[in-house]
Amino acid sequence: MLNDVYNKSIIELAGNIPRLGRLAAPDASATAHSKLCGSTVKIDLMMDGPVVTDFAHDVKACALGQASSAIMARHVVGSTATELRELRETVRRMLKENGAPPQGKWADIALLEPVRDYKARHASTMLTFDAVVDAIGQIEAKSAASATLTPAQS
C-alpha cells in the first residue's frame, strides 16, 4: 500500500535534509532528473583522491527523492568512490531485484524498501545515487586526463 511508502520515517527524512545548497568550487557537479515525475537532484562534490571531502545538493523532488537525498547527505562525506558505486548498485538491486538493503552506515536506506513495489517511484529514489556516481566519474576522468599530460602540456 502507498501508505507504507510514505511512512512517518520517510516524511521525517524528507523534512530534514542536511547539506542543502551548492558548493562554491566543487570538483564536479551532476544533475539527475526523473522524466516520469519531474524530480531533479543537483549535487556538488569535492574529493581528495578516492574520498569524498564535501558535498552539497539542491533537491527538487518528491518525498522519496528527498528522503534518499537526506540519507546520502548524512553519510557521503568520508565515503569512497568504490563504496558509493557499490551503494548505488545495492539500492538498485534492492528496488528492482528484491535484493537486501545496504548495511552499516547506510542501513537507513532500508526505510526505502517498500518503494520496490512501486516501479514508478524507483527513478526518483535513485536520483541522488546516480548523480553522486556521475560526479565521481567526472572527477576521476579529470584526474586521469591531467595525469596523462606531460609537464609541457599542463
# chains A, B, ... in the order shown; residues from 1 in each chain; ligands from 1
>>> residues_around(residues="A:Ala56", least_positions_apart="5", cutoff="8 Å", atoms="only C-alpha atoms", output="PyMOL selection string")
chain A and resi 19-23+43-45+73
>>> write_last_selection(atoms="all heavy atoms", output="mmCIF file, in the first residue's frame")
data_model
loop_
_atom_site.group_PDB
_atom_site.id
_atom_site.type_symbol
_atom_site.label_atom_id
_atom_site.label_comp_id
_atom_site.auth_asym_id
_atom_site.auth_seq_id
_atom_site.Cartn_x
_atom_site.Cartn_y
_atom_site.Cartn_z
ATOM 1 N N ARG A 19 22.859 19.526 4.358
ATOM 2 C CA ARG A 19 23.781 19.925 3.294
ATOM 3 C C ARG A 19 23.075 20.491 2.057
ATOM 4 O O ARG A 19 23.528 20.319 0.930
ATOM 5 C CB ARG A 19 24.713 18.782 2.904
ATOM 6 C CG ARG A 19 25.603 18.334 4.046
ATOM 7 C CD ARG A 19 26.564 17.244 3.602
ATOM 8 N NE ARG A 19 27.563 17.008 4.606
ATOM 9 C CZ ARG A 19 28.710 17.694 4.718
ATOM 10 N NH1 ARG A 19 29.012 18.635 3.873
ATOM 11 N NH2 ARG A 19 29.557 17.407 5.686
ATOM 12 N N LEU A 20 21.953 21.177 2.276
ATOM 13 C CA LEU A 20 21.260 21.817 1.157
ATOM 14 C C LEU A 20 22.058 23.013 0.665
ATOM 15 O O LEU A 20 22.701 23.709 1.450
ATOM 16 C CB LEU A 20 19.859 22.259 1.579
ATOM 17 C CG LEU A 20 18.833 21.146 1.747
ATOM 18 C CD1 LEU A 20 17.549 21.706 2.341
ATOM 19 C CD2 LEU A 20 18.560 20.438 0.432
ATOM 20 N N GLY A 21 22.006 23.266 -0.621
ATOM 21 C CA GLY A 21 22.704 24.393 -1.227
ATOM 22 C C GLY A 21 23.693 23.918 -2.262
ATOM 23 O O GLY A 21 23.587 22.809 -2.784
ATOM 24 N N ARG A 22 24.649 24.764 -2.569
ATOM 25 C CA ARG A 22 25.660 24.442 -3.566
ATOM 26 C C ARG A 22 27.027 24.776 -2.992
ATOM 27 O O ARG A 22 27.162 25.669 -2.142
ATOM 28 C CB ARG A 22 25.428 25.253 -4.846
ATOM 29 C CG ARG A 22 24.051 25.098 -5.495
ATOM 30 C CD ARG A 22 23.676 23.686 -5.887
ATOM 31 N NE ARG A 22 24.543 23.051 -6.831
ATOM 32 C CZ ARG A 22 24.362 23.034 -8.144
ATOM 33 N NH1 ARG A 22 23.356 23.646 -8.692
ATOM 34 N NH2 ARG A 22 25.223 22.405 -8.921
ATOM 35 N N LEU A 23 28.059 24.087 -3.456
ATOM 36 C CA LEU A 23 29.429 24.379 -3.063
ATOM 37 C C LEU A 23 29.981 25.490 -3.963
ATOM 38 O O LEU A 23 29.640 25.555 -5.147
ATOM 39 C CB LEU A 23 30.312 23.139 -3.186
ATOM 40 C CG LEU A 23 29.944 21.950 -2.304
ATOM 41 C CD1 LEU A 23 30.906 20.786 -2.561
ATOM 42 C CD2 LEU A 23 29.940 22.323 -0.834
ATOM 43 N N ILE A 43 23.827 17.834 -7.540
ATOM 44 C CA ILE A 43 24.792 17.661 -6.455
ATOM 45 C C ILE A 43 26.132 18.293 -6.829
ATOM 46 O O ILE A 43 26.486 18.397 -8.000
ATOM 47 C CB ILE A 43 24.978 16.177 -6.061
ATOM 48 C CG1 ILE A 43 25.673 15.364 -7.155
ATOM 49 C CG2 ILE A 43 23.645 15.528 -5.744
ATOM 50 C CD1 ILE A 43 27.076 15.023 -6.798
ATOM 51 N N ASP A 44 26.838 18.742 -5.804
ATOM 52 C CA ASP A 44 28.215 19.226 -5.929
ATOM 53 C C ASP A 44 29.067 18.331 -5.047
ATOM 54 O O ASP A 44 28.660 17.985 -3.928
ATOM 55 C CB ASP A 44 28.346 20.665 -5.436
ATOM 56 C CG ASP A 44 27.614 21.659 -6.309
ATOM 57 O OD1 ASP A 44 27.492 21.420 -7.524
ATOM 58 O OD2 ASP A 44 27.171 22.691 -5.766
ATOM 59 N N LEU A 45 30.246 17.971 -5.543
ATOM 60 C CA LEU A 45 31.093 17.024 -4.833
ATOM 61 C C LEU A 45 32.537 17.494 -4.842
ATOM 62 O O LEU A 45 33.013 18.030 -5.841
ATOM 63 C CB LEU A 45 30.996 15.661 -5.543
ATOM 64 C CG LEU A 45 31.393 14.414 -4.789
ATOM 65 C CD1 LEU A 45 30.506 14.169 -3.588
ATOM 66 C CD2 LEU A 45 31.322 13.213 -5.724
ATOM 67 N N ALA A 73 23.205 12.662 2.091
ATOM 68 C CA ALA A 73 23.887 13.816 2.677
ATOM 69 C C ALA A 73 24.421 13.518 4.080
ATOM 70 O O ALA A 73 25.454 14.051 4.474
ATOM 71 C CB ALA A 73 22.947 15.012 2.712
#
>>> select_by_dssp(residues="stretch 11-129 of chain A", states="strand (DSSP E)", output="compact mmCIF listing (two decimals) with C-alpha atoms, in the first residue's frame")
# COMPACT_ATOMS: atom_id res chain seq x y z
CA ALA A 28 32.32 18.19 -10.08
CA SER A 29 28.58 18.78 -10.29
CA ALA A 30 25.95 16.43 -11.62
CA THR A 31 22.21 16.53 -12.16
CA ALA A 32 19.83 13.59 -12.20
CA HIS A 33 16.27 14.03 -13.42
CA THR A 40 15.54 16.73 -10.05
CA VAL A 41 18.59 16.45 -7.81
CA LYS A 42 21.71 18.57 -8.45
CA ILE A 43 24.79 17.66 -6.46
CA ASP A 44 28.22 19.23 -5.93
CA LEU A 45 31.09 17.02 -4.83
CA MET A 46 34.64 17.51 -3.64
CA MET A 47 37.09 14.65 -3.28
CA ASP A 48 40.62 14.08 -2.08
CA VAL A 51 37.42 10.02 -0.58
CA VAL A 52 34.55 12.50 -0.57
CA THR A 53 35.53 15.60 1.41
CA ASP A 54 32.49 17.84 0.82
CA PHE A 55 29.01 17.60 -0.61
CA ALA A 56 26.01 19.84 -1.20
CA HIS A 57 22.81 19.40 -3.14
CA ASP A 58 19.73 21.14 -4.46
CA VAL A 59 16.78 18.79 -4.19
CA LYS A 60 13.56 19.45 -6.10
>>> closest_residue(among="A:Gly38, A:Ala135, A:Thr82, A:Ala63", to="A:Ala14", atoms="only C-alpha atoms")
A:Ala63
>>> residues_around(residues="A:Lys96", least_positions_apart="4", cutoff="10 Å", atoms="only C-alpha atoms", output="list in words")
Thr90, Val91, Arg92, Val115, Arg116, Asp117, Tyr118, Lys119 and His122 of chain A
>>> select_by_dssp(residues="chain A", states="helix (DSSP H, G or I)", output="PyMOL selection string")
chain A and resi 2-5+8-15+63-75+81-96+104-117+119-148
>>> decode(residues="stretch 94-110 of chain A", atoms="all heavy atoms", output="mmCIF file, in the first residue's frame")
data_model
loop_
_atom_site.group_PDB
_atom_site.id
_atom_site.type_symbol
_atom_site.label_atom_id
_atom_site.label_comp_id
_atom_site.auth_asym_id
_atom_site.auth_seq_id
_atom_site.Cartn_x
_atom_site.Cartn_y
_atom_site.Cartn_z
ATOM 1 N N MET A 94 18.049 -3.629 -4.572
ATOM 2 C CA MET A 94 17.003 -3.646 -3.554
ATOM 3 C C MET A 94 15.653 -3.302 -4.185
ATOM 4 O O MET A 94 14.642 -3.960 -3.913
ATOM 5 C CB MET A 94 17.335 -2.652 -2.435
ATOM 6 C CG MET A 94 16.279 -2.565 -1.341
ATOM 7 S SD MET A 94 16.621 -1.268 -0.127
ATOM 8 C CE MET A 94 15.963 0.178 -0.986
ATOM 9 N N LEU A 95 15.644 -2.297 -5.042
ATOM 10 C CA LEU A 95 14.395 -1.855 -5.655
ATOM 11 C C LEU A 95 13.938 -2.773 -6.780
ATOM 12 O O LEU A 95 12.758 -3.082 -6.890
ATOM 13 C CB LEU A 95 14.546 -0.433 -6.190
ATOM 14 C CG LEU A 95 14.763 0.662 -5.149
ATOM 15 C CD1 LEU A 95 14.998 1.999 -5.838
ATOM 16 C CD2 LEU A 95 13.605 0.746 -4.174
ATOM 17 N N LYS A 96 14.853 -3.186 -7.636
ATOM 18 C CA LYS A 96 14.473 -3.868 -8.871
ATOM 19 C C LYS A 96 14.589 -5.383 -8.841
ATOM 20 O O LYS A 96 13.960 -6.065 -9.638
ATOM 21 C CB LYS A 96 15.293 -3.308 -10.038
ATOM 22 C CG LYS A 96 15.060 -1.817 -10.246
ATOM 23 C CD LYS A 96 15.738 -1.301 -11.471
ATOM 24 C CE LYS A 96 15.502 0.160 -11.689
ATOM 25 N NZ LYS A 96 14.118 0.535 -11.916
ATOM 26 N N GLU A 97 15.405 -5.921 -7.924
ATOM 27 C CA GLU A 97 15.654 -7.367 -7.924
ATOM 28 C C GLU A 97 15.379 -8.011 -6.568
ATOM 29 O O GLU A 97 15.859 -9.103 -6.298
ATOM 30 C CB GLU A 97 17.105 -7.628 -8.341
ATOM 31 C CG GLU A 97 17.438 -7.112 -9.723
ATOM 32 C CD GLU A 97 18.935 -7.177 -10.038
ATOM 33 O OE1 GLU A 97 19.690 -7.816 -9.276
ATOM 34 O OE2 GLU A 97 19.335 -6.567 -11.046
ATOM 35 N N ASN A 98 14.651 -7.294 -5.712
ATOM 36 C CA ASN A 98 14.314 -7.816 -4.393
ATOM 37 C C ASN A 98 15.555 -8.097 -3.551
ATOM 38 O O ASN A 98 15.561 -8.985 -2.698
ATOM 39 C CB ASN A 98 13.446 -9.077 -4.524
ATOM 40 C CG ASN A 98 12.528 -9.245 -3.345
ATOM 41 O OD1 ASN A 98 12.133 -8.283 -2.704
ATOM 42 N ND2 ASN A 98 12.181 -10.481 -3.053
ATOM 43 N N GLY A 99 16.624 -7.335 -3.800
ATOM 44 C CA GLY A 99 17.862 -7.518 -3.054
ATOM 45 C C GLY A 99 17.762 -6.963 -1.644
ATOM 46 O O GLY A 99 16.825 -6.240 -1.297
ATOM 47 N N ALA A 100 18.743 -7.303 -0.851
ATOM 48 C CA ALA A 100 18.799 -6.822 0.529
ATOM 49 C C ALA A 100 19.237 -5.366 0.558
ATOM 50 O O ALA A 100 20.023 -4.933 -0.281
ATOM 51 C CB ALA A 100 19.771 -7.674 1.336
ATOM 52 N N PRO A 101 18.760 -4.601 1.525
ATOM 53 C CA PRO A 101 19.230 -3.219 1.655
ATOM 54 C C PRO A 101 20.662 -3.194 2.168
ATOM 55 O O PRO A 101 21.160 -4.187 2.707
ATOM 56 C CB PRO A 101 18.268 -2.613 2.681
ATOM 57 C CG PRO A 101 17.754 -3.766 3.461
ATOM 58 C CD PRO A 101 17.761 -4.946 2.523
ATOM 59 N N PRO A 102 21.329 -2.056 2.014
ATOM 60 C CA PRO A 102 22.702 -1.952 2.498
ATOM 61 C C PRO A 102 22.759 -2.039 4.025
ATOM 62 O O PRO A 102 21.757 -1.828 4.711
ATOM 63 C CB PRO A 102 23.166 -0.583 2.010
ATOM 64 C CG PRO A 102 21.968 0.134 1.536
ATOM 65 C CD PRO A 102 20.865 -0.840 1.370
ATOM 66 N N GLN A 103 23.937 -2.329 4.516
ATOM 67 C CA GLN A 103 24.174 -2.452 5.954
ATOM 68 C C GLN A 103 25.059 -1.298 6.415
ATOM 69 O O GLN A 103 25.424 -0.436 5.652
ATOM 70 C CB GLN A 103 24.848 -3.790 6.251
ATOM 71 C CG GLN A 103 24.051 -5.001 5.797
ATOM 72 C CD GLN A 103 22.737 -5.132 6.539
ATOM 73 O OE1 GLN A 103 22.691 -5.073 7.760
ATOM 74 N NE2 GLN A 103 21.662 -5.288 5.785
ATOM 75 N N GLY A 104 25.448 -1.338 7.668
ATOM 76 C CA GLY A 104 26.376 -0.356 8.215
ATOM 77 C C GLY A 104 25.788 1.029 8.231
ATOM 78 O O GLY A 104 24.597 1.217 8.508
ATOM 79 N N LYS A 105 26.620 2.017 7.911
ATOM 80 C CA LYS A 105 26.180 3.410 7.996
ATOM 81 C C LYS A 105 25.045 3.740 7.031
ATOM 82 O O LYS A 105 24.346 4.729 7.209
ATOM 83 C CB LYS A 105 27.355 4.364 7.802
ATOM 84 C CG LYS A 105 27.912 4.423 6.395
ATOM 85 C CD LYS A 105 29.078 5.396 6.339
ATOM 86 C CE LYS A 105 29.649 5.505 4.955
ATOM 87 N NZ LYS A 105 30.828 6.380 4.920
ATOM 88 N N TRP A 106 24.852 2.901 6.018
ATOM 89 C CA TRP A 106 23.803 3.129 5.022
ATOM 90 C C TRP A 106 22.520 2.358 5.339
ATOM 91 O O TRP A 106 21.602 2.304 4.518
ATOM 92 C CB TRP A 106 24.304 2.754 3.632
ATOM 93 C CG TRP A 106 25.480 3.569 3.201
ATOM 94 C CD1 TRP A 106 26.789 3.161 3.189
ATOM 95 C CD2 TRP A 106 25.481 4.916 2.747
ATOM 96 N NE1 TRP A 106 27.598 4.184 2.747
ATOM 97 C CE2 TRP A 106 26.820 5.275 2.468
ATOM 98 C CE3 TRP A 106 24.480 5.862 2.543
ATOM 99 C CZ2 TRP A 106 27.172 6.533 1.993
ATOM 100 C CZ3 TRP A 106 24.836 7.121 2.073
ATOM 101 C CH2 TRP A 106 26.163 7.444 1.805
ATOM 102 N N ALA A 107 22.402 1.771 6.506
ATOM 103 C CA ALA A 107 21.264 0.918 6.850
ATOM 104 C C ALA A 107 19.920 1.653 6.791
ATOM 105 O O ALA A 107 18.887 1.019 6.573
ATOM 106 C CB ALA A 107 21.479 0.301 8.230
ATOM 107 N N ASP A 108 19.923 2.987 6.949
ATOM 108 C CA ASP A 108 18.668 3.749 6.869
ATOM 109 C C ASP A 108 17.978 3.584 5.522
ATOM 110 O O ASP A 108 16.775 3.802 5.410
ATOM 111 C CB ASP A 108 18.930 5.250 7.076
ATOM 112 C CG ASP A 108 19.218 5.615 8.512
ATOM 113 O OD1 ASP A 108 19.122 4.727 9.388
ATOM 114 O OD2 ASP A 108 19.543 6.789 8.763
ATOM 115 N N ILE A 109 18.719 3.201 4.509
ATOM 116 C CA ILE A 109 18.123 3.026 3.186
ATOM 117 C C ILE A 109 17.059 1.932 3.214
ATOM 118 O O ILE A 109 16.146 1.921 2.383
ATOM 119 C CB ILE A 109 19.223 2.769 2.126
ATOM 120 C CG1 ILE A 109 20.025 4.062 1.952
ATOM 121 C CG2 ILE A 109 18.645 2.312 0.801
ATOM 122 C CD1 ILE A 109 21.261 3.940 1.117
ATOM 123 N N ALA A 110 17.113 1.057 4.197
ATOM 124 C CA ALA A 110 16.077 0.030 4.343
ATOM 125 C C ALA A 110 14.686 0.662 4.471
ATOM 126 O O ALA A 110 13.683 0.026 4.121
ATOM 127 C CB ALA A 110 16.375 -0.859 5.541
#
